[in-house]
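As provided, start_20.txt (compact mmCIF, C-alpha atoms) reads as follows.
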```txt
# COMPACT_ATOMS: atom_id res chain seq x y z
CA MET A 1 0.00 0.00 0.00
CA ALA A 2 1.40 3.41 -0.94
CA ALA A 3 1.37 6.02 1.81
CA TYR A 4 2.66 8.81 -0.42
CA LEU A 5 2.35 9.02 -4.19
CA SER A 6 3.27 11.54 -6.87
CA ALA A 7 4.52 11.47 -10.44
CA ASP A 8 8.15 11.02 -9.39
CA HIS A 9 8.02 9.71 -5.83
CA ALA A 10 6.12 7.07 -3.93
CA ALA A 11 6.54 5.42 -0.53
CA GLY A 12 4.68 2.82 1.46
CA VAL A 13 4.66 -0.59 3.12
CA THR A 14 3.72 -3.79 1.29
CA GLN A 15 2.42 -6.76 3.27
CA PHE A 16 2.86 -10.40 2.27
CA GLY A 17 1.17 -13.42 3.78
CA GLY A 18 4.43 -15.06 4.73
CA LEU A 19 8.09 -15.57 3.90
CA ARG A 20 9.82 -18.93 4.24
CA LEU A 21 13.12 -18.51 6.04
CA ASP A 22 16.47 -20.15 5.43
CA GLY A 23 16.61 -21.09 9.11
CA GLY A 24 13.28 -22.89 8.96
CA GLY A 25 9.74 -21.78 9.54
CA THR A 26 7.84 -18.86 8.08
CA LEU A 27 7.75 -15.18 8.95
CA ALA A 28 4.06 -14.29 8.76
CA PRO A 29 3.05 -11.74 7.87
CA ALA A 30 6.11 -10.25 6.17
CA ALA A 31 6.21 -6.50 5.58
CA LEU A 32 8.52 -4.47 3.36
CA ALA A 33 8.73 -0.68 3.57
CA TRP A 34 9.94 1.10 0.47
CA ALA A 35 10.42 4.30 -1.48
CA ARG A 36 10.42 4.94 -5.21
CA TYR A 37 12.30 7.78 -6.91
CA GLY A 38 11.76 8.72 -10.54
CA PRO A 39 9.02 7.47 -12.86
CA ALA A 40 7.01 4.33 -12.16
CA PRO A 41 8.59 1.14 -13.53
CA GLY A 42 6.34 0.95 -16.57
CA ARG A 43 7.29 4.47 -17.70
CA ALA A 44 11.03 4.32 -16.97
CA ARG A 45 13.98 3.86 -19.31
CA ALA A 46 15.68 1.73 -16.65
CA VAL A 47 14.75 0.18 -13.29
CA VAL A 48 17.36 0.07 -10.51
CA LEU A 49 17.19 -1.46 -7.04
CA LEU A 50 19.03 0.64 -4.43
CA LEU A 51 20.00 -0.95 -1.08
CA HIS A 52 21.01 0.88 2.10
CA GLY A 53 23.59 0.34 4.85
CA ILE A 54 23.07 -1.49 8.14
CA SER A 55 22.29 1.62 10.20
CA GLY A 56 20.30 3.34 7.48
CA SER A 57 16.88 3.31 5.89
CA HIS A 58 15.11 3.20 2.54
CA GLN A 59 14.81 7.01 2.51
CA ALA A 60 17.58 7.49 -0.03
CA LEU A 61 16.31 11.06 -0.53
CA ARG A 62 14.82 13.18 2.23
CA PRO A 63 11.01 12.98 2.02
CA ASP A 64 8.99 16.08 1.21
CA GLN A 65 6.43 15.15 3.85
CA GLY A 66 6.01 12.76 6.74
CA ASP A 67 8.60 11.35 9.11
CA ALA A 68 12.27 11.59 8.10
CA HIS A 69 14.56 8.84 9.38
CA PRO A 70 17.96 9.81 10.84
CA ASP A 71 19.89 9.10 7.64
CA ALA A 72 17.27 10.39 5.19
CA GLY A 73 18.95 11.60 2.00
CA TRP A 74 21.97 9.30 2.29
CA ALA A 75 22.12 8.70 -1.49
CA SER A 76 21.47 12.31 -2.53
CA PRO A 77 25.06 12.80 -3.87
CA TRP A 78 24.35 10.35 -6.69
CA LEU A 79 20.54 10.08 -6.86
CA GLY A 80 18.41 12.69 -8.57
CA PRO A 81 18.02 14.60 -11.85
CA GLY A 82 21.30 14.50 -13.76
CA ALA A 83 23.05 12.25 -11.21
CA ALA A 84 24.42 8.76 -11.83
CA LEU A 85 21.01 7.43 -10.79
CA ASP A 86 19.12 9.92 -12.91
CA THR A 87 15.53 10.13 -11.74
CA ARG A 88 14.44 11.95 -14.89
CA ASP A 89 14.19 8.62 -16.69
CA THR A 90 15.30 5.94 -14.20
CA CYS A 91 12.99 4.29 -11.69
CA VAL A 92 14.98 3.78 -8.49
CA LEU A 93 13.36 1.41 -6.00
CA SER A 94 14.69 1.48 -2.44
CA PRO A 95 13.42 -1.13 0.06
CA ASN A 96 13.99 -1.15 3.81
CA ALA A 97 16.05 -4.18 4.84
CA LEU A 98 14.28 -7.13 6.41
CA GLY A 99 14.97 -6.95 10.15
CA SER A 100 15.40 -3.17 10.21
CA CYS A 101 13.28 -0.80 12.29
CA PHE A 102 11.87 1.55 9.66
CA GLY A 103 8.78 -0.29 8.49
CA SER A 104 9.88 -3.71 7.26
CA SER A 105 9.35 -6.77 9.44
CA GLY A 106 11.78 -6.71 12.34
CA PRO A 107 12.02 -7.18 16.10
CA ASP A 108 9.62 -4.82 17.85
CA GLY A 109 7.71 -4.41 21.08
CA ALA A 110 7.39 -6.90 23.90
CA LEU A 111 8.19 -9.84 21.62
CA ALA A 112 11.29 -8.26 20.04
CA GLY A 113 13.55 -10.91 21.54
CA GLU A 114 11.55 -13.65 19.82
CA PHE A 115 11.99 -12.33 16.28
CA PRO A 116 13.41 -15.20 14.18
CA ASP A 117 16.87 -15.25 12.68
CA VAL A 118 16.67 -13.88 9.15
CA SER A 119 19.37 -14.12 6.50
CA ILE A 120 20.63 -11.90 3.71
CA ALA A 121 19.05 -14.39 1.27
CA ASP A 122 15.69 -14.13 3.08
CA GLY A 123 15.72 -10.37 2.61
CA VAL A 124 16.58 -10.64 -1.07
CA ARG A 125 13.77 -13.15 -1.68
CA LEU A 126 11.34 -10.73 -0.03
CA GLN A 127 12.61 -7.98 -2.34
CA GLY A 128 11.92 -10.28 -5.29
CA GLU A 129 8.33 -10.83 -4.11
CA TRP A 130 7.85 -7.08 -3.76
CA LEU A 131 9.25 -6.34 -7.21
CA ARG A 132 6.98 -8.91 -8.81
CA ALA A 133 4.03 -7.34 -6.97
CA LEU A 134 5.00 -4.03 -8.61
CA GLY A 135 5.01 -5.68 -12.01
CA VAL A 136 8.80 -5.54 -12.39
CA GLU A 137 10.07 -8.48 -14.43
CA ARG A 138 13.71 -7.46 -14.82
CA LEU A 139 16.17 -5.08 -13.17
CA ASP A 140 18.71 -3.12 -15.17
CA ALA A 141 20.93 -2.86 -12.11
CA VAL A 142 21.19 -3.48 -8.39
CA VAL A 143 23.25 -0.95 -6.41
CA GLY A 144 24.12 -1.67 -2.78
CA TYR A 145 26.11 0.22 -0.16
CA SER A 146 27.71 -1.56 2.85
CA TYR A 147 25.05 -3.96 4.26
CA GLY A 148 23.18 -3.28 1.04
CA GLY A 149 26.30 -4.54 -0.72
CA TYR A 150 25.82 -7.97 0.88
CA GLN A 151 22.33 -7.99 -0.59
CA ALA A 152 23.66 -6.81 -3.95
CA PHE A 153 26.17 -9.68 -4.00
CA GLN A 154 23.28 -12.02 -3.18
CA TRP A 155 21.43 -10.66 -6.20
CA ALA A 156 24.51 -11.51 -8.28
CA VAL A 157 24.53 -15.13 -7.14
CA ALA A 158 20.81 -15.90 -6.63
CA ALA A 159 18.72 -13.22 -8.30
CA PRO A 160 14.96 -13.67 -7.79
CA LEU A 161 14.55 -11.73 -11.08
CA PRO A 162 16.91 -11.26 -14.04
CA VAL A 163 19.38 -8.43 -13.38
CA GLY A 164 21.63 -6.68 -15.88
CA ARG A 165 24.45 -5.82 -13.53
CA VAL A 166 25.34 -5.36 -9.89
CA VAL A 167 27.26 -2.42 -8.44
CA VAL A 168 28.62 -2.71 -4.90
CA LEU A 169 29.90 0.28 -2.90
CA ALA A 170 32.14 -0.19 0.17
CA SER A 171 31.22 -3.77 0.97
CA ALA A 172 32.37 -7.37 0.45
CA PRO A 173 30.89 -10.81 -0.30
CA LEU A 174 31.90 -11.91 3.23
CA GLY A 175 29.83 -10.48 6.08
CA GLY A 176 31.40 -8.63 9.00
CA GLY A 177 30.99 -8.75 12.76
CA SER A 178 30.33 -11.74 15.00
CA MET A 179 27.58 -13.45 16.94
CA ALA A 180 29.18 -11.99 20.07
CA ASP A 181 28.40 -8.53 18.64
CA ALA A 182 24.79 -9.56 18.11
CA GLN A 183 24.53 -10.93 21.65
CA ARG A 184 25.90 -7.67 23.07
CA LEU A 185 23.32 -5.72 21.10
CA ARG A 186 20.51 -7.91 22.43
CA ARG A 187 21.78 -7.35 25.98
CA ILE A 188 21.78 -3.58 25.43
CA ALA A 189 18.30 -3.75 23.92
CA ALA A 190 16.85 -5.70 26.85
CA ALA A 191 18.49 -3.33 29.34
CA LEU A 192 17.13 -0.29 27.49
CA ASP A 193 13.66 -1.79 27.59
CA ALA A 194 14.09 -2.08 31.36
CA GLY A 195 15.03 1.62 31.62
CA ASP A 196 18.73 1.10 32.37
CA GLU A 197 20.51 4.44 31.92
CA ALA A 198 23.90 2.74 31.67
CA ALA A 199 22.61 0.81 28.66
CA TRP A 200 21.64 4.09 26.95
CA ASN A 201 25.14 5.44 27.50
CA GLU A 202 26.63 2.21 26.13
CA TRP A 203 24.37 2.38 23.07
CA VAL A 204 25.35 5.98 22.36
CA GLU A 205 29.05 5.31 22.91
CA LEU A 206 28.85 2.33 20.55
CA ARG A 207 27.49 4.67 17.88
CA CYS A 208 30.21 7.25 18.60
CA SER A 209 32.86 4.56 18.18
CA THR A 210 31.26 3.47 14.91
CA LEU A 211 31.21 7.03 13.54
CA ARG A 212 34.89 7.45 14.38
CA ARG A 213 35.82 4.16 12.73
CA TYR A 214 33.70 4.94 9.66
CA GLY A 215 35.47 8.26 8.94
CA TYR A 216 32.80 10.68 10.15
CA ALA A 217 34.94 12.27 12.88
CA GLN A 218 37.69 12.97 10.35
CA TRP A 219 35.16 14.53 8.01
CA LEU A 220 33.88 16.78 10.79
CA ALA A 221 37.42 17.80 11.68
CA ASP A 222 38.28 18.63 8.06
CA LYS A 223 35.19 20.81 7.70
CA GLY A 224 36.81 23.15 10.23
CA GLU A 225 33.52 24.21 11.81
CA HIS A 226 34.53 23.32 15.38
CA LYS A 227 36.88 25.50 17.44
CA SER A 228 38.28 22.70 19.57
CA GLU A 229 38.50 18.93 19.93
CA SER A 230 35.91 19.21 22.69
CA ASP A 231 33.48 20.98 20.35
CA LEU A 232 33.97 18.28 17.75
CA GLU A 233 33.34 15.52 20.31
CA GLN A 234 30.15 17.26 21.44
CA ARG A 235 28.92 17.36 17.83
CA LEU A 236 29.83 13.70 17.33
CA ARG A 237 27.99 12.69 20.48
CA ALA A 238 24.94 14.77 19.58
CA ASP A 239 24.72 13.07 16.20
CA ALA A 240 25.15 9.67 17.86
CA GLN A 241 22.40 10.42 20.38
CA ALA A 242 19.99 11.54 17.65
CA TRP A 243 20.56 8.28 15.78
CA ALA A 244 20.48 6.08 18.90
CA ALA A 245 17.12 7.52 19.92
CA ARG A 246 15.59 6.31 16.65
CA PHE A 247 17.40 3.06 15.84
CA SER A 248 16.50 -0.10 17.72
CA PRO A 249 19.39 -2.21 19.09
CA TRP A 250 17.06 -5.18 18.62
CA ALA A 251 17.02 -4.41 14.89
CA MET A 252 20.77 -3.90 14.81
CA ALA A 253 21.20 -7.31 16.46
CA ALA A 254 19.02 -8.96 13.80
CA LEU A 255 20.93 -7.27 10.98
CA ARG A 256 24.33 -8.00 12.53
CA SER A 257 23.40 -11.65 13.00
CA ALA A 258 22.45 -11.89 9.31
CA ALA A 259 25.65 -10.13 8.26
CA CYS A 260 28.06 -12.27 10.22
CA ARG A 261 26.57 -15.46 8.74
CA TYR A 262 26.87 -14.23 5.14
CA ASP A 263 29.49 -15.62 2.77
CA ALA A 264 28.95 -15.46 -1.00
CA ARG A 265 32.58 -15.85 -2.06
CA ALA A 266 32.31 -19.36 -3.50
CA ALA A 267 28.96 -18.68 -5.18
CA LEU A 268 30.25 -15.41 -6.61
CA SER A 269 33.08 -17.24 -8.32
CA GLY A 270 30.48 -19.25 -10.23
CA SER A 271 28.23 -16.31 -11.11
CA SER A 272 28.07 -14.84 -14.62
CA THR A 273 26.36 -11.58 -13.55
CA PRO A 274 28.50 -8.50 -14.31
CA VAL A 275 29.63 -7.00 -10.99
CA ARG A 276 31.40 -3.69 -10.44
CA TRP A 277 32.86 -3.73 -6.92
CA LEU A 278 33.87 -0.22 -5.81
CA ARG A 279 36.30 -0.31 -2.86
CA CYS A 280 37.43 2.75 -0.93
CA ALA A 281 41.17 3.02 -0.27
CA SER A 282 40.66 4.36 3.28
CA ASP A 283 37.83 2.02 4.32
CA GLU A 284 38.86 0.20 7.51
CA LEU A 285 35.66 -1.84 7.59
CA PHE A 286 36.06 -3.29 4.07
CA ALA A 287 39.74 -2.68 3.40
CA PRO A 288 40.76 -3.25 -0.23
CA ASP A 289 43.63 -5.49 0.89
CA ASP A 290 41.50 -7.57 3.28
CA PRO A 291 42.38 -11.22 2.56
CA GLY A 292 39.07 -12.35 4.06
CA ALA A 293 37.12 -10.94 1.12
CA ARG A 294 39.09 -12.93 -1.45
CA ALA A 295 37.92 -16.13 -3.04
CA ARG A 296 40.09 -19.26 -2.84
CA GLU A 297 40.64 -18.85 -6.56
CA PRO A 298 40.74 -15.49 -8.36
CA TYR A 299 37.31 -14.07 -9.12
CA PRO A 300 36.21 -14.45 -12.77
CA ALA A 301 36.50 -11.61 -15.27
CA ASN A 302 32.88 -10.50 -14.78
CA ILE A 303 33.77 -9.45 -11.19
CA VAL A 304 35.64 -6.16 -11.66
CA GLN A 305 37.16 -4.53 -8.58
CA ILE A 306 37.66 -0.76 -8.78
CA GLY A 307 39.65 1.29 -6.30
CA VAL A 308 38.22 4.63 -5.21
CA ASP A 309 40.63 7.12 -3.64
CA GLY A 310 38.25 8.36 -0.97
CA ARG A 311 39.48 10.08 2.18
CA TYR A 312 36.65 9.38 4.62
CA GLY A 313 36.66 5.63 4.99
CA HIS A 314 33.49 3.63 5.05
CA LEU A 315 31.27 6.72 4.82
CA SER A 316 33.16 8.05 1.81
CA PRO A 317 30.33 7.22 -0.66
CA LEU A 318 27.98 9.38 1.40
CA LEU A 319 30.41 12.16 2.33
CA GLU A 320 32.40 12.50 -0.92
CA GLY A 321 29.48 12.43 -3.27
CA ARG A 322 31.00 13.86 -6.43
CA LEU A 323 33.84 11.33 -6.40
CA TRP A 324 31.49 8.37 -6.05
CA ASN A 325 28.92 9.78 -8.47
CA ASP A 326 31.53 9.73 -11.22
CA HIS A 327 32.59 6.16 -10.41
CA LEU A 328 28.98 5.00 -10.18
CA GLN A 329 28.14 6.62 -13.50
CA ARG A 330 30.95 4.67 -15.17
CA ALA A 331 30.00 1.44 -13.41
CA LEU A 332 26.43 1.73 -14.68
CA ALA A 333 27.38 2.70 -18.24
```
Before we go any further, please render this structure as structure tokens.
Amino acid sequence: MAAYLSADHAAGVTQFGGLRLDGGGTLAPAALAWARYGPAPGRARAVVLLLHGISGSHQALRPDQGDAHPDAGWASPWLGPGAALDTRDTCVLSPNALGSCFGSSGPDGALAGEFPDVSIADGVRLQGEWLRALGVERLDAVVGYSYGGYQAFQWAVAAPLPVGRVVVLASAPLGGGSMADAQRLRRIAAALDAGDEAAWNEWVELRCSTLRRYGYAQWLADKGEHKSESDLEQRLRADAQAWAARFSPWAMAALRSAACRYDARAALSGSSTPVRWLRCASDELFAPDDPGARAREPYPANIVQIGVDGRYGHLSPLLEGRLWNDHLQRALA
């Protein structure tokens, strides 16, 4: 059902009767929140699926009305009229990840701790069901950033619909994190539900640490808007608090659990789908020289790795928009 609809933008939540899960059982009902940018699929020159990062949402552009999620507009450097994802003639479909907390099925409320384990493949199958419900029979491209990159790699190896090519930004075919991370997040979530102030501080500090590791603190420092290190830290903490107030640690645990179980390296070596894998030189999370992302044998010629000389680490695609727009434009050509 569409909650907002215009000639070049739509958003809503689509409900499905159930989704069979890799781990067994069925998630019923299964909901997928989404946004569309550009013309409807039937009127578009091309149809592209755009997939967000683990702490983000499907609001790739900031909405004109209604609630804006903390990261709303994350893809604005390369999504819009005249951009690499040109909404004048390209239909860009952006779904919220399964397990997230912005409208798709995920852990919520008193039964949050009982939400089943979901996988990257489960989420991609749900995306396939949604696209078919929209009448989409083929995708020209799938573009995924970070956690969305895991999903994009899954489209390359097990596409629910035919796809022309896959473009991955700052990600890898091997998931990151550990089950210990997921367990910590569940502990924080349960403590927050019980009103534990120490858990709130831990949740915020975890976000601060993530922003530092992702390159955001360096970006703030280089902007030169803060008179002292203390001012910069206050800004970093304020941003972390704003995000932490809106993002559920239960959801982060579900997403982290799915990520750390994901490994598409062997399947990717047998895939014929064209993949353009854009890797940022300063990304500590998905370092270009990380041996863990390599296949046992060299990847086939259809998997093309491209180095991007970004300064701001894992957040470079979002913070250095012009640089990544140019690379994305070439990758989609």
**Study point:** Polymer residues at most 9 Å from stretch 207-221 of chain A, only C-alpha atoms, same-chain spacing of 3 or more positions, as a count of residues only
**Key:** 28
Select from stretch 45-110 of chain A every residue with an atom at most 6 Å from any atom of stretch 27-34 of chain A, then for each give the shortest pair of atoms and their distance in Å to one decimal, using all atoms listed in the file, rows by chain and rising number, as a Markdown table.
```
| residue | atom | partner | partner_atom | distance |
| --- | --- | --- | --- | --- |
| A:His58 | CA | A:Trp34 | CA | 6.0 |
| A:Ser94 | CA | A:Trp34 | CA | 5.6 |
| A:Pro95 | CA | A:Trp34 | CA | 4.2 |
| A:Asn96 | CA | A:Ala33 | CA | 5.3 |
| A:Gly103 | CA | A:Ala33 | CA | 4.9 |
| A:Ser104 | CA | A:Leu32 | CA | 4.2 |
| A:Ser105 | CA | A:Ala31 | CA | 5.0 |
```
**Study point:** Shell of 9 Å around A:Ala159, all atoms listed in the file, local chain residues under 3 positions omitted, as a list in words
**Key:**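 So the residues in contact are Val124, Arg125, Gly128, Gln154, Trp155, Ala156, Pro162 and Val163 of chain A.
Shortest separation to A:Gly17 among A:Leu126, A:Cys101, A:Ala251, A:Ala333 occurs at residue A:Leu126, atoms counted being only C-alpha atoms.
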Check your understanding: By how many Å are atom CA of A:Gly144 and atom CA of A:Arg296 apart?
Key ->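 If I compute the distance from atom CA of A:Gly144 to atom CA of A:Arg296, I get 23.8 Å.
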Check your understanding: Could you work out how far atom CA of A:Leu139 lies from atom CA of A:Val166, giving the answer in Å with one decimal?
Key ->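 Atom CA of A:Val166 sits 9.7 Å away from atom CA of A:Leu139.
Remark: for A:Pro39, the closest of the candidate residues A:Gly99, A:Thr90, A:Ala112, A:Ala121 is A:Thr90 (distances computed over all atoms listed in the file).
If you look at atom CA of A:Val275 and atom CA of A:Val304, they are 6.1 Å away from each other.
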Reconstruct N, CA and C atoms of stretch 103-126 of chain A; output as a CSV table (one decimal), keeping the file's coordinate frame.
```
chain,number,residue,atom,x,y,z
A,103,GLY,N,10.0,0.1,9.2
A,103,GLY,CA,8.8,-0.3,8.5
A,103,GLY,C,8.7,-1.7,8.0
A,104,SER,N,9.9,-2.3,7.6
A,104,SER,CA,9.9,-3.7,7.3
A,104,SER,C,9.8,-4.6,8.5
A,105,SER,N,9.5,-5.9,8.3
A,105,SER,CA,9.4,-6.8,9.4
A,105,SER,C,10.7,-6.8,10.2
A,106,GLY,N,10.6,-6.7,11.5
A,106,GLY,CA,11.8,-6.7,12.3
A,106,GLY,C,11.4,-6.9,13.8
A,107,PRO,N,12.3,-7.0,14.7
A,107,PRO,CA,12.0,-7.2,16.1
A,107,PRO,C,11.4,-5.9,16.7
A,108,ASP,N,10.3,-6.0,17.4
A,108,ASP,CA,9.6,-4.8,17.8
A,108,ASP,C,8.7,-5.2,19.0
A,109,GLY,N,8.6,-4.3,20.0
A,109,GLY,CA,7.7,-4.4,21.1
A,109,GLY,C,8.1,-5.5,22.1
A,110,ALA,N,7.1,-5.9,22.8
A,110,ALA,CA,7.4,-6.9,23.9
A,110,ALA,C,8.0,-8.2,23.4
A,111,LEU,N,7.7,-8.6,22.2
A,111,LEU,CA,8.2,-9.8,21.6
A,111,LEU,C,9.4,-9.7,20.7
A,112,ALA,N,10.1,-8.5,20.9
A,112,ALA,CA,11.3,-8.3,20.0
A,112,ALA,C,12.3,-9.4,20.1
A,113,GLY,N,12.5,-9.9,21.4
A,113,GLY,CA,13.6,-10.9,21.5
A,113,GLY,C,13.2,-12.2,20.9
A,114,GLU,N,12.0,-12.4,20.4
A,114,GLU,CA,11.6,-13.6,19.8
A,114,GLU,C,11.5,-13.6,18.3
A,115,PHE,N,12.0,-12.4,17.7
A,115,PHE,CA,12.0,-12.3,16.3
A,115,PHE,C,13.0,-13.4,15.7
A,116,PRO,N,12.6,-14.1,14.7
A,116,PRO,CA,13.4,-15.2,14.2
A,116,PRO,C,14.7,-14.7,13.5
A,117,ASP,N,15.7,-15.6,13.4
A,117,ASP,CA,16.9,-15.2,12.7
A,117,ASP,C,16.5,-15.2,11.2
A,118,VAL,N,16.9,-14.0,10.6
A,118,VAL,CA,16.7,-13.9,9.2
A,118,VAL,C,18.0,-13.8,8.5
A,119,SER,N,18.1,-14.1,7.2
A,119,SER,CA,19.4,-14.1,6.5
A,119,SER,C,19.4,-13.1,5.4
A,120,ILE,N,20.5,-12.8,4.9
A,120,ILE,CA,20.6,-11.9,3.7
A,120,ILE,C,19.8,-12.5,2.6
A,121,ALA,N,19.8,-13.8,2.3
A,121,ALA,CA,19.0,-14.4,1.3
A,121,ALA,C,17.6,-14.2,1.5
A,122,ASP,N,17.1,-14.3,2.8
A,122,ASP,CA,15.7,-14.1,3.1
A,122,ASP,C,15.3,-12.7,2.6
A,123,GLY,N,16.1,-11.7,3.0
A,123,GLY,CA,15.7,-10.4,2.6
A,123,GLY,C,15.7,-10.2,1.1
A,124,VAL,N,16.6,-10.8,0.4
A,124,VAL,CA,16.6,-10.6,-1.1
A,124,VAL,C,15.4,-11.3,-1.7
A,125,ARG,N,15.0,-12.5,-1.2
A,125,ARG,CA,13.8,-13.2,-1.7
A,125,ARG,C,12.5,-12.3,-1.5
A,126,LEU,N,12.5,-11.6,-0.3
A,126,LEU,CA,11.3,-10.7,0.0
A,126,LEU,C,11.3,-9.6,-1.0
```
